[in-house]
file protein_32.cif (mmCIF, N, CA and C atoms)
data_structure
#
loop_
_atom_site.label_atom_id
_atom_site.label_comp_id
_atom_site.auth_asym_id
_atom_site.auth_seq_id
_atom_site.Cartn_x
_atom_site.Cartn_y
_atom_site.Cartn_z
N ILE A 1 91.78 96.15 90.27
CA ILE A 1 92.13 94.78 90.64
C ILE A 1 91.83 93.86 89.45
N PHE A 2 92.72 92.95 89.19
CA PHE A 2 92.49 91.90 88.22
C PHE A 2 92.50 90.57 88.96
N THR A 3 91.54 89.71 88.65
CA THR A 3 91.52 88.38 89.25
C THR A 3 91.10 87.38 88.19
N GLY A 4 91.73 86.24 88.18
CA GLY A 4 91.47 85.26 87.14
C GLY A 4 92.32 85.53 85.91
N ALA A 5 92.29 84.61 84.97
CA ALA A 5 93.10 84.71 83.76
C ALA A 5 92.41 85.55 82.70
N LEU A 6 93.10 86.56 82.22
CA LEU A 6 92.60 87.35 81.11
C LEU A 6 92.92 86.61 79.82
N THR A 7 92.02 86.66 78.84
CA THR A 7 92.21 85.87 77.64
C THR A 7 92.79 86.65 76.46
N THR A 8 92.56 87.97 76.41
CA THR A 8 93.04 88.73 75.26
C THR A 8 94.14 89.73 75.60
N LEU A 9 94.39 89.93 76.87
CA LEU A 9 95.42 90.87 77.32
C LEU A 9 96.28 90.19 78.38
N SER A 10 97.55 90.56 78.42
CA SER A 10 98.39 90.11 79.53
C SER A 10 98.11 91.04 80.71
N ARG A 11 98.41 90.59 81.90
CA ARG A 11 98.23 91.46 83.08
C ARG A 11 99.06 92.74 82.97
N PRO A 12 100.34 92.62 82.57
CA PRO A 12 101.12 93.87 82.45
C PRO A 12 100.52 94.84 81.44
N LYS A 13 100.03 94.35 80.30
CA LYS A 13 99.41 95.22 79.30
C LYS A 13 98.13 95.85 79.85
N ALA A 14 97.31 95.07 80.52
CA ALA A 14 96.08 95.59 81.11
C ALA A 14 96.40 96.65 82.16
N SER A 15 97.40 96.39 82.98
CA SER A 15 97.82 97.37 83.99
C SER A 15 98.32 98.65 83.35
N ASP A 16 99.08 98.52 82.26
CA ASP A 16 99.55 99.70 81.54
C ASP A 16 98.39 100.53 81.01
N LEU A 17 97.35 99.87 80.50
CA LEU A 17 96.18 100.59 80.00
C LEU A 17 95.51 101.39 81.11
N VAL A 18 95.43 100.82 82.29
CA VAL A 18 94.84 101.53 83.44
C VAL A 18 95.67 102.76 83.76
N ARG A 19 96.98 102.58 83.84
CA ARG A 19 97.86 103.69 84.20
C ARG A 19 97.84 104.79 83.14
N GLN A 20 97.73 104.42 81.87
CA GLN A 20 97.66 105.42 80.79
C GLN A 20 96.43 106.30 80.93
N LYS A 21 95.38 105.76 81.53
CA LYS A 21 94.14 106.52 81.74
C LYS A 21 94.13 107.24 83.08
N GLY A 22 95.26 107.18 83.81
CA GLY A 22 95.36 107.87 85.08
C GLY A 22 94.91 107.05 86.27
N GLY A 23 94.65 105.77 86.06
CA GLY A 23 94.20 104.91 87.14
C GLY A 23 95.35 104.27 87.90
N ILE A 24 95.00 103.61 88.96
CA ILE A 24 95.96 102.91 89.81
C ILE A 24 95.54 101.45 89.87
N VAL A 25 96.49 100.56 89.70
CA VAL A 25 96.21 99.12 89.80
C VAL A 25 96.61 98.67 91.19
N SER A 26 95.69 98.01 91.86
CA SER A 26 95.95 97.52 93.21
C SER A 26 96.03 96.00 93.19
N GLY A 27 96.69 95.46 94.18
CA GLY A 27 96.80 94.01 94.28
C GLY A 27 95.91 93.42 95.36
N SER A 28 95.25 94.30 96.13
CA SER A 28 94.42 93.77 97.20
C SER A 28 93.04 94.44 97.19
N ILE A 29 92.06 93.69 97.61
CA ILE A 29 90.67 94.15 97.63
C ILE A 29 90.43 95.04 98.85
N SER A 30 89.75 96.15 98.60
CA SER A 30 89.29 97.02 99.68
C SER A 30 88.04 97.75 99.19
N LYS A 31 87.37 98.42 100.08
CA LYS A 31 86.14 99.13 99.71
C LYS A 31 86.43 100.32 98.80
N ASP A 32 87.70 100.71 98.66
CA ASP A 32 88.07 101.86 97.85
C ASP A 32 88.33 101.52 96.38
N ILE A 33 88.19 100.26 96.01
CA ILE A 33 88.43 99.81 94.64
C ILE A 33 87.25 100.22 93.75
N ASP A 34 87.55 100.79 92.58
CA ASP A 34 86.48 101.20 91.66
C ASP A 34 85.99 100.04 90.79
N PHE A 35 86.91 99.20 90.29
CA PHE A 35 86.54 98.09 89.42
C PHE A 35 87.33 96.84 89.76
N VAL A 36 86.66 95.73 89.66
CA VAL A 36 87.31 94.43 89.76
C VAL A 36 87.10 93.74 88.42
N VAL A 37 88.20 93.51 87.70
CA VAL A 37 88.13 92.88 86.39
C VAL A 37 88.31 91.38 86.60
N VAL A 38 87.30 90.62 86.20
CA VAL A 38 87.29 89.18 86.45
C VAL A 38 87.51 88.42 85.16
N GLY A 39 88.53 87.57 85.16
CA GLY A 39 88.82 86.70 84.03
C GLY A 39 88.37 85.29 84.34
N GLU A 40 88.95 84.33 83.62
CA GLU A 40 88.61 82.92 83.82
C GLU A 40 89.19 82.41 85.13
N LYS A 41 88.42 81.59 85.82
CA LYS A 41 88.81 80.97 87.08
C LYS A 41 89.30 81.98 88.12
N PRO A 42 88.44 82.95 88.46
CA PRO A 42 88.85 83.95 89.46
C PRO A 42 89.04 83.32 90.83
N GLY A 43 89.86 83.96 91.63
CA GLY A 43 90.17 83.43 92.95
C GLY A 43 89.40 84.10 94.06
N SER A 44 90.04 84.14 95.22
CA SER A 44 89.39 84.66 96.42
C SER A 44 89.10 86.15 96.34
N LYS A 45 89.83 86.88 95.52
CA LYS A 45 89.56 88.31 95.36
C LYS A 45 88.15 88.53 94.83
N TYR A 46 87.71 87.66 93.95
CA TYR A 46 86.37 87.76 93.38
C TYR A 46 85.31 87.58 94.46
N GLU A 47 85.49 86.59 95.30
CA GLU A 47 84.52 86.34 96.38
C GLU A 47 84.48 87.51 97.35
N LYS A 48 85.63 88.05 97.69
CA LYS A 48 85.69 89.19 98.60
C LYS A 48 85.05 90.41 97.96
N ALA A 49 85.29 90.61 96.67
CA ALA A 49 84.69 91.75 95.96
C ALA A 49 83.17 91.67 95.97
N LYS A 50 82.64 90.46 95.78
CA LYS A 50 81.17 90.29 95.82
C LYS A 50 80.64 90.63 97.20
N LYS A 51 81.32 90.18 98.25
CA LYS A 51 80.88 90.47 99.62
C LYS A 51 80.89 91.97 99.92
N LEU A 52 81.86 92.68 99.34
CA LEU A 52 81.95 94.12 99.56
C LEU A 52 81.04 94.92 98.64
N GLY A 53 80.42 94.25 97.65
CA GLY A 53 79.52 94.94 96.72
C GLY A 53 80.25 95.82 95.73
N LEU A 54 81.47 95.44 95.36
CA LEU A 54 82.25 96.24 94.42
C LEU A 54 81.74 96.07 93.00
N ASN A 55 82.14 96.98 92.14
CA ASN A 55 81.76 96.96 90.73
C ASN A 55 82.61 95.92 90.00
N ILE A 56 82.01 94.78 89.68
CA ILE A 56 82.71 93.67 89.04
C ILE A 56 82.38 93.67 87.55
N ILE A 57 83.44 93.69 86.74
CA ILE A 57 83.26 93.70 85.29
C ILE A 57 84.10 92.59 84.66
N ASP A 58 83.76 92.24 83.42
CA ASP A 58 84.55 91.23 82.71
C ASP A 58 85.58 91.93 81.82
N GLU A 59 86.39 91.14 81.16
CA GLU A 59 87.47 91.67 80.34
C GLU A 59 86.95 92.53 79.19
N GLU A 60 85.86 92.14 78.58
CA GLU A 60 85.31 92.93 77.47
C GLU A 60 84.86 94.31 77.93
N GLU A 61 84.20 94.37 79.07
CA GLU A 61 83.76 95.66 79.63
C GLU A 61 84.97 96.53 79.97
N PHE A 62 86.00 95.89 80.53
CA PHE A 62 87.24 96.61 80.84
C PHE A 62 87.82 97.25 79.57
N LYS A 63 87.87 96.49 78.49
CA LYS A 63 88.43 97.01 77.24
C LYS A 63 87.60 98.17 76.71
N LYS A 64 86.29 98.13 76.87
CA LYS A 64 85.44 99.24 76.45
C LYS A 64 85.75 100.51 77.25
N ILE A 65 85.92 100.32 78.56
CA ILE A 65 86.18 101.46 79.44
C ILE A 65 87.53 102.11 79.10
N VAL A 66 88.57 101.32 78.94
CA VAL A 66 89.89 101.90 78.70
C VAL A 66 90.07 102.41 77.27
N SER A 67 89.17 102.04 76.37
CA SER A 67 89.29 102.53 74.99
C SER A 67 88.60 103.89 74.81
N LYS A 68 87.90 104.36 75.81
CA LYS A 68 87.20 105.65 75.73
C LYS A 68 88.17 106.81 75.82
#
call {"tool": "encode", "arguments": {"input": "protein_32.cif", "output": "structure tokens"}}
result
Amino acid sequence: IFTGALTTLSRPKASDLVRQKGGIVSGSISKDIDFVVVGEKPGSKYEKAKKLGLNIIDEEEFKKIVSK
């Protein structure tokens, strides 16, 4: 899941990076989500992710993960 504005990647490019690593990009929050990537001014997905205790990371952490 991506929420908020990413500053160094477009959403399509970030989604492509996830898919290249064998991941799936979802548009809705659920307990089955592995990572929530939070950019600037995140919306309601961020609040829901916090309530569910999901793994919330920022754009820099996301880039580290997908570059491995």
call {"tool": "resolve_selection", "arguments": {"input": "protein_32.cif", "expression": "the PyMOL selection byres ((chain A and resi 40-57) around 8)", "output": "list in words"}}
result
Phe2, Thr3, Gly4, Ala5, Leu6, Thr7, Ser28, Ile29, Ser30, Lys31, Ile33, Asp34, Phe35, Val36, Val37, Val38, Gly39, Asp58, Glu59, Glu60, Glu61 and Phe62 of chain A
call {"tool": "atom_distance", "arguments": {"input": "protein_32.cif", "atom1": "atom N of Thr8 of chain A", "atom2": "atom C of Gly22 of chain A"}}
result
21.6 Å
call {"tool": "select_by_dssp", "arguments": {"input": "protein_32.cif", "residues": "chain A", "states": "strand (DSSP E)", "output": "compact mmCIF listing (two decimals) with N, CA and C atoms, in the frame of the given file"}}
result
# COMPACT_ATOMS: atom_id res chain seq x y z
N PHE A 2 92.72 92.95 89.19
CA PHE A 2 92.49 91.90 88.22
C PHE A 2 92.50 90.57 88.96
N THR A 3 91.54 89.71 88.65
CA THR A 3 91.52 88.38 89.25
C THR A 3 91.10 87.38 88.19
N VAL A 36 86.66 95.73 89.66
CA VAL A 36 87.31 94.43 89.76
C VAL A 36 87.10 93.74 88.42
N VAL A 37 88.20 93.51 87.70
CA VAL A 37 88.13 92.88 86.39
C VAL A 37 88.31 91.38 86.60
N VAL A 38 87.30 90.62 86.20
CA VAL A 38 87.29 89.18 86.45
C VAL A 38 87.51 88.42 85.16
N ILE A 56 82.01 94.78 89.68
CA ILE A 56 82.71 93.67 89.04
C ILE A 56 82.38 93.67 87.55
N ILE A 57 83.44 93.69 86.74
CA ILE A 57 83.26 93.70 85.29
C ILE A 57 84.10 92.59 84.66
N ASP A 58 83.76 92.24 83.42
CA ASP A 58 84.55 91.23 82.71
C ASP A 58 85.58 91.93 81.82
call {"tool": "atom_distance", "arguments": {"input": "protein_32.cif", "atom1": "atom CA of Lys13 of chain A", "atom2": "atom CA of Asp32 of chain A"}}
result
22.7 Å
call {"tool": "atom_distance", "arguments": {"input": "protein_32.cif", "atom1": "atom CA of Arg11 of chain A", "atom2": "atom N of Lys63 of chain A"}}
result
12.4 Å
call {"tool": "select_by_dssp", "arguments": {"input": "protein_32.cif", "residues": "segment 29-66 of chain A", "states": "alpha helix (DSSP H)", "output": "MDAnalysis selection string"}}
result
chainID A and resid 44:52 59:66
call {"tool": "write_last_selection", "arguments": {"input": "protein_32.cif", "atoms": "N, CA and C atoms", "output": "PDB file, in the frame of the given file"}}
result
ATOM      1  N   SER A  44      90.040  84.140  95.220  1.00  0.00           N
ATOM      2  CA  SER A  44      89.390  84.660  96.420  1.00  0.00           C
ATOM      3  C   SER A  44      89.100  86.150  96.340  1.00  0.00           C
ATOM      4  N   LYS A  45      89.830  86.880  95.520  1.00  0.00           N
ATOM      5  CA  LYS A  45      89.560  88.310  95.360  1.00  0.00           C
ATOM      6  C   LYS A  45      88.150  88.530  94.830  1.00  0.00           C
ATOM      7  N   TYR A  46      87.710  87.660  93.950  1.00  0.00           N
ATOM      8  CA  TYR A  46      86.370  87.760  93.380  1.00  0.00           C
ATOM      9  C   TYR A  46      85.310  87.580  94.460  1.00  0.00           C
ATOM     10  N   GLU A  47      85.490  86.590  95.300  1.00  0.00           N
ATOM     11  CA  GLU A  47      84.520  86.340  96.380  1.00  0.00           C
ATOM     12  C   GLU A  47      84.480  87.510  97.350  1.00  0.00           C
ATOM     13  N   LYS A  48      85.630  88.050  97.690  1.00  0.00           N
ATOM     14  CA  LYS A  48      85.690  89.190  98.600  1.00  0.00           C
ATOM     15  C   LYS A  48      85.050  90.410  97.960  1.00  0.00           C
ATOM     16  N   ALA A  49      85.290  90.610  96.670  1.00  0.00           N
ATOM     17  CA  ALA A  49      84.690  91.750  95.960  1.00  0.00           C
ATOM     18  C   ALA A  49      83.170  91.670  95.970  1.00  0.00           C
ATOM     19  N   LYS A  50      82.640  90.460  95.780  1.00  0.00           N
ATOM     20  CA  LYS A  50      81.170  90.290  95.820  1.00  0.00           C
ATOM     21  C   LYS A  50      80.640  90.630  97.200  1.00  0.00           C
ATOM     22  N   LYS A  51      81.320  90.180  98.250  1.00  0.00           N
ATOM     23  CA  LYS A  51      80.880  90.470  99.620  1.00  0.00           C
ATOM     24  C   LYS A  51      80.890  91.970  99.920  1.00  0.00           C
ATOM     25  N   LEU A  52      81.860  92.680  99.340  1.00  0.00           N
ATOM     26  CA  LEU A  52      81.950  94.120  99.560  1.00  0.00           C
ATOM     27  C   LEU A  52      81.040  94.920  98.640  1.00  0.00           C
ATOM     28  N   GLU A  59      86.390  91.140  81.160  1.00  0.00           N
ATOM     29  CA  GLU A  59      87.470  91.670  80.340  1.00  0.00           C
ATOM     30  C   GLU A  59      86.950  92.530  79.190  1.00  0.00           C
ATOM     31  N   GLU A  60      85.860  92.140  78.580  1.00  0.00           N
ATOM     32  CA  GLU A  60      85.310  92.930  77.470  1.00  0.00           C
ATOM     33  C   GLU A  60      84.860  94.310  77.930  1.00  0.00           C
ATOM     34  N   GLU A  61      84.200  94.370  79.070  1.00  0.00           N
ATOM     35  CA  GLU A  61      83.760  95.660  79.630  1.00  0.00           C
ATOM     36  C   GLU A  61      84.970  96.530  79.970  1.00  0.00           C
ATOM     37  N   PHE A  62      86.000  95.890  80.530  1.00  0.00           N
ATOM     38  CA  PHE A  62      87.240  96.610  80.840  1.00  0.00           C
ATOM     39  C   PHE A  62      87.820  97.250  79.570  1.00  0.00           C
ATOM     40  N   LYS A  63      87.870  96.490  78.490  1.00  0.00           N
ATOM     41  CA  LYS A  63      88.430  97.010  77.240  1.00  0.00           C
ATOM     42  C   LYS A  63      87.600  98.170  76.710  1.00  0.00           C
ATOM     43  N   LYS A  64      86.290  98.130  76.870  1.00  0.00           N
ATOM     44  CA  LYS A  64      85.440  99.240  76.450  1.00  0.00           C
ATOM     45  C   LYS A  64      85.750 100.510  77.250  1.00  0.00           C
ATOM     46  N   ILE A  65      85.920 100.320  78.560  1.00  0.00           N
ATOM     47  CA  ILE A  65      86.180 101.460  79.440  1.00  0.00           C
ATOM     48  C   ILE A  65      87.530 102.110  79.100  1.00  0.00           C
ATOM     49  N   VAL A  66      88.570 101.320  78.940  1.00  0.00           N
ATOM     50  CA  VAL A  66      89.890 101.900  78.700  1.00  0.00           C
ATOM     51  C   VAL A  66      90.070 102.410  77.270  1.00  0.00           C
TER      52      VAL A  66
END
call {"tool": "closest_residue", "arguments": {"input": "protein_32.cif", "among": "A:Ser26, A:Leu9, A:Lys21, A:Ser15", "to": "Ile65 of chain A", "atoms": "only C-alpha atoms"}}
result
A:Lys21
call {"tool": "decode", "arguments": {"input": "protein_32.cif", "residues": "segment 2-13 of chain A", "atoms": "N, CA and C atoms", "output": "mmCIF file, in the first residue's frame"}}
result
data_model
loop_
_atom_site.group_PDB
_atom_site.id
_atom_site.type_symbol
_atom_site.label_atom_id
_atom_site.label_comp_id
_atom_site.auth_asym_id
_atom_site.auth_seq_id
_atom_site.Cartn_x
_atom_site.Cartn_y
_atom_site.Cartn_z
ATOM 1 N N PHE A 2 0.521 2.215 -0.774
ATOM 2 C CA PHE A 2 1.161 3.521 -0.751
ATOM 3 C C PHE A 2 0.122 4.533 -0.303
ATOM 4 N N THR A 3 0.510 5.420 0.609
ATOM 5 C CA THR A 3 -0.390 6.487 1.023
ATOM 6 C C THR A 3 0.416 7.763 1.195
ATOM 7 N N GLY A 4 -0.143 8.861 0.776
ATOM 8 C CA GLY A 4 0.584 10.119 0.797
ATOM 9 C C GLY A 4 1.421 10.284 -0.457
ATOM 10 N N ALA A 5 1.993 11.451 -0.624
ATOM 11 C CA ALA A 5 2.775 11.770 -1.817
ATOM 12 C C ALA A 5 4.214 11.298 -1.671
ATOM 13 N N LEU A 6 4.667 10.518 -2.631
ATOM 14 C CA LEU A 6 6.061 10.112 -2.667
ATOM 15 C C LEU A 6 6.862 11.241 -3.307
ATOM 16 N N THR A 7 8.076 11.477 -2.827
ATOM 17 C CA THR A 7 8.832 12.625 -3.313
ATOM 18 C C THR A 7 9.871 12.282 -4.377
ATOM 19 N N THR A 8 10.383 11.044 -4.372
ATOM 20 C CA THR A 8 11.434 10.713 -5.333
ATOM 21 C C THR A 8 11.006 9.685 -6.373
ATOM 22 N N LEU A 9 9.850 9.091 -6.196
ATOM 23 C CA LEU A 9 9.333 8.087 -7.126
ATOM 24 C C LEU A 9 7.879 8.410 -7.455
ATOM 25 N N SER A 10 7.475 8.092 -8.666
ATOM 26 C CA SER A 10 6.043 8.180 -8.988
ATOM 27 C C SER A 10 5.381 6.910 -8.456
ATOM 28 N N ARG A 11 4.092 6.957 -8.243
ATOM 29 C CA ARG A 11 3.379 5.757 -7.791
ATOM 30 C C ARG A 11 3.522 4.604 -8.787
ATOM 31 N N PRO A 12 3.357 4.878 -10.096
ATOM 32 C CA PRO A 12 3.527 3.764 -11.049
ATOM 33 C C PRO A 12 4.924 3.149 -10.985
ATOM 34 N N LYS A 13 5.970 3.970 -10.857
ATOM 35 C CA LYS A 13 7.337 3.448 -10.770
ATOM 36 C C LYS A 13 7.520 2.637 -9.483
#
